[in-house]
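What follows is a short report on a single structure.
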Amino acid sequence: MEALELARWQFGITTVYHYFFVPITISMALLVAIMQTFWHRTQDEKWLKLTRFFGKLFLINFAMGVVTGIVQEFQFGMNWSSYSRFVGDIFGAPLAIEGLLAFFMESTFLGLWIFGWTRLKPAVHLACIWMVSLGTMLSAYFILAANSFMQNPVGFTMNEERGRAELTDFGAVLLNKVTLVTVPHTLFAAFMVGGAFVAGIAFWHLLRNPGRDTDAFKTAVRLGAVTLMISGLGTIISGDIQGKIMTEVQPMKMAAAEALYEDAESCAPFSIFTVGTLDGSRSVFSVEVPCVLSQLATGSFDGEVRGINSLQEEYAKTFAETGIENFAPNIPVTYWSFRLMMGLGFLAMAVGAWMWWLVSRDRVPALETKHGKFLLFSAITLPLMPLFANSFGWIFTEMGRQPWVVFGLMPTAAGVSPSVSAAQVWTSLITFTLLYGALAVVEVGLLIKYIRKGLPDANPPAIEEDSDAPLSFAY
């Protein structure tokens, strides 16, 4: 394998691994803030127990996300220095603000929240976790603004003499049409993960430990399931809008998502299942729903959708100087990642609705029954459904942009570091993979350990009057 292929594999592995922690961090910060707000307003101890229980799980995930996220920045200089030089003037601006503003904001207030249970007034302490939640969403916005430039470059001019893109309109970058729809879609998808995480863990406890904190866990199932279903609806609506913008700015990605090889002048079908030729030039067998793709892509059942073959011809003429021969991404990867994203999301919503109905009707079965065993399996796998759906969504987003690292401006092959050898990339790839494997064992082990312990004692915090007393770690 050449250095380019290895660099892409390394970035893909580390990015997908890191993103396992991102949606949980974003969503759990908000859900823990909601739980603490209910405790602050009602003084019901079940909400304090839930806040501390899920707060501890949130902190474990946050710490691991920070560790794995740092690696992402190093890779731009390690394996993608040509890309960094080409787009650094633009890409660096939102990422710098994310680090200096959003991340510092969330980490500072998180520290106050962790150590301030007995040192801050209850309202001030509650405000800290809300600021953490706001910080996580601001981080997402600036990172997505940087990524959206790669999908739809705006707000720049090309400096031909220096061979790089230079920022001219930062507002255009922040208000990129792709950014404005990707941010809500990503946040809603993240909240699906958090809702499933809370509902799945709480339902697991209802089955495994009946009679222990039953009321608290039923409340948690309701909160998680409702979050999952509402955010799922938001994901669907924002995803529909995103599909139309994607068709506008990256028509090849939409064609690849549907394995649509020939232009459909009207009533383009949505493919449920397609088998293509080995060279990816045409479909051999397909199960289709008439006209649905036209609606998804254009908002009209009679809308025209361009196919892979005609777009290939057009791009071959428009971008002839790039030397790219095939402008279509990997069709099987884009096609199936798109469907796995949607399928797992819909399945999670269905399971969440089912659990909400069982808890609301007080029909949680005994674990010993066949129904109970199946529900236990569902509770364990529920958080994984939207989590993997998020991952497949990003795999589709990034693989669907290929062969461009910046669409229409820079081919992926031109972005790799020219002085890095395949052996060097192999070394870092193996190192990161082994390190991440070890971290996965630690993360899963810690989560399982504290999930099994169940809810902690309430012990409402008393404000420490002695200002010289040492800080206490609440977890």
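Just so we're on the same page: first chain in the structure tokens is A, next is B, and so on; residues restart at 1 for each chain, and ligands are numbered from 1 in the order they show up.
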
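Within 12 Å of Phe76 of chain A, once only C-alpha atoms are used and residues closer than 3 positions along the same chain are dropped, the contacting residues are Ala7, Arg8, Gln10, Phe11, Ile70, Val71, Gln72, Glu73, Asn79, Trp80, Ser81, Ser82, Tyr83, Ser84, Arg85, Phe86, Val87, Gly88, Phe91, Gly92, Gly415, Val416 and Ser417 of chain A.
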
Output for the residues just chosen: N, CA and C atoms as a short mmCIF file (atom, residue, chain, number, x, y, z; two decimals), in the first residue's frame:
```cif
data_model
loop_
_atom_site.label_atom_id
_atom_site.label_comp_id
_atom_site.auth_asym_id
_atom_site.auth_seq_id
_atom_site.Cartn_x
_atom_site.Cartn_y
_atom_site.Cartn_z
N ALA A 7 -2.32 6.75 4.74
CA ALA A 7 -2.69 7.99 5.44
C ALA A 7 -4.21 8.12 5.52
N ARG A 8 -4.90 7.73 4.47
CA ARG A 8 -6.36 7.78 4.49
C ARG A 8 -6.93 6.78 5.50
N GLN A 10 -5.40 5.67 8.16
CA GLN A 10 -5.10 6.15 9.52
C GLN A 10 -6.05 7.25 9.94
N PHE A 11 -6.27 8.21 9.04
CA PHE A 11 -7.17 9.31 9.39
C PHE A 11 -8.59 8.78 9.59
N ILE A 70 -7.05 15.08 20.44
CA ILE A 70 -5.76 15.75 20.26
C ILE A 70 -5.00 15.15 19.09
N VAL A 71 -5.13 13.84 18.91
CA VAL A 71 -4.42 13.15 17.83
C VAL A 71 -4.84 13.68 16.47
N GLN A 72 -6.10 14.07 16.33
CA GLN A 72 -6.60 14.53 15.04
C GLN A 72 -5.80 15.73 14.53
N GLU A 73 -5.48 16.65 15.42
CA GLU A 73 -4.76 17.85 15.00
C GLU A 73 -3.34 17.52 14.56
N ASN A 79 0.67 13.64 8.18
CA ASN A 79 0.40 12.96 6.90
C ASN A 79 -0.24 13.85 5.85
N TRP A 80 -0.70 15.04 6.26
CA TRP A 80 -1.45 15.88 5.32
C TRP A 80 -0.92 17.31 5.30
N SER A 81 0.40 17.45 5.24
CA SER A 81 1.01 18.78 5.29
C SER A 81 0.70 19.59 4.04
N SER A 82 0.59 18.96 2.89
CA SER A 82 0.25 19.70 1.66
C SER A 82 -1.16 20.26 1.76
N TYR A 83 -2.06 19.47 2.29
CA TYR A 83 -3.42 19.96 2.52
C TYR A 83 -3.42 21.11 3.51
N SER A 84 -2.67 20.96 4.60
CA SER A 84 -2.62 21.99 5.64
C SER A 84 -2.09 23.30 5.08
N ARG A 85 -1.08 23.21 4.23
CA ARG A 85 -0.52 24.43 3.63
C ARG A 85 -1.53 25.06 2.67
N PHE A 86 -2.25 24.25 1.93
CA PHE A 86 -3.19 24.76 0.94
C PHE A 86 -4.38 25.46 1.57
N VAL A 87 -4.92 24.89 2.65
CA VAL A 87 -6.19 25.38 3.19
C VAL A 87 -6.06 25.90 4.62
N GLY A 88 -4.84 25.92 5.15
CA GLY A 88 -4.64 26.30 6.55
C GLY A 88 -5.13 27.68 6.90
N PHE A 91 -9.02 26.87 7.09
CA PHE A 91 -9.35 25.79 8.01
C PHE A 91 -8.92 26.11 9.43
N GLY A 92 -7.81 26.84 9.55
CA GLY A 92 -7.27 27.12 10.88
C GLY A 92 -8.09 28.11 11.68
N GLY A 415 -3.04 16.21 -1.34
CA GLY A 415 -3.01 16.72 0.02
C GLY A 415 -2.06 16.00 0.95
N VAL A 416 -1.57 14.83 0.55
CA VAL A 416 -0.74 14.02 1.44
C VAL A 416 0.65 14.63 1.57
N SER A 417 1.32 14.39 2.69
CA SER A 417 2.67 14.91 2.92
C SER A 417 3.64 14.28 1.93
#
```

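Residues in contact with segment 369-374 of chain A at up to 12 Å, not including ones fewer than 6 positions away on its chain and judged by only C-alpha atoms, are Phe203, Trp204, Leu206, Leu207, Arg208, Pro210, Val351, Met355, Leu358, Arg363, Ile380, Thr381 and Leu382 of chain A.
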
Among the residues of segment 41-185 of chain A, find those DSSP assigns to alpha helix (DSSP H) from the backbone and print them as number ranges by chain. A: 41-42, 45-78, 81-97, 104-115, 122-151, 170-174, 177-185

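Interatomic distance, atom CA of Thr186 of chain A against atom CA of Met131 of chain A: 19.5 Å.
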
Quick one: of A:Pro329, A:Gly224, A:Gly211, A:Gly352, who's nearest to Leu375 of chain A, counting only C-alpha atoms?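 Checking each candidate against Leu375 of chain A, we get A:Gly352 as the closest.
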
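Of note, atom CA of Leu59 of chain A and atom CA of Ser139 of chain A are spaced 17.0 Å apart.
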
Would you mind listing what lies within 7 Å of Leu167 of chain A as a list of chain:residue names, with only C-alpha atoms counted and same-chain residues fewer than 5 positions away left out?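 Using only C-alpha atoms, the neighbours found are A:Asp89, A:Ile90, A:Gly155, A:Phe156, A:Thr157.
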
Output C-alpha atoms of each residue in that selection to a file, as a short mmCIF file (atom, residue, chain, number, x, y, z; two decimals), in the first residue's frame.
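Result went into selection_13.cif, see below:
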```
data_model
loop_
_atom_site.label_atom_id
_atom_site.label_comp_id
_atom_site.auth_asym_id
_atom_site.auth_seq_id
_atom_site.Cartn_x
_atom_site.Cartn_y
_atom_site.Cartn_z
CA ASP A 89 -5.50 29.99 6.22
CA ILE A 90 -9.20 29.06 6.13
CA GLY A 155 -15.23 32.89 1.38
CA PHE A 156 -11.79 32.57 -0.20
CA THR A 157 -9.59 33.54 -3.12
#
```

Select, from A:Met150, A:Val183, A:Ala458, A:Ala225, the residue with the minimum atom-to-atom distance to Ile201 of chain A, counting only C-alpha atoms.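 Distance minimum relative to Ile201 of chain A lands on A:Ala225.
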
If you run DSSP on the backbone here, which positions in segment 37-258 of chain A get strand (DSSP E or B)? Please write them as a ChimeraX atom specification. /A:156-159,164-167

Who sits within 10 Å of Thr108 of chain A, only C-alpha atoms, same chain under 3 positions skipped, as a count of residues only: 11
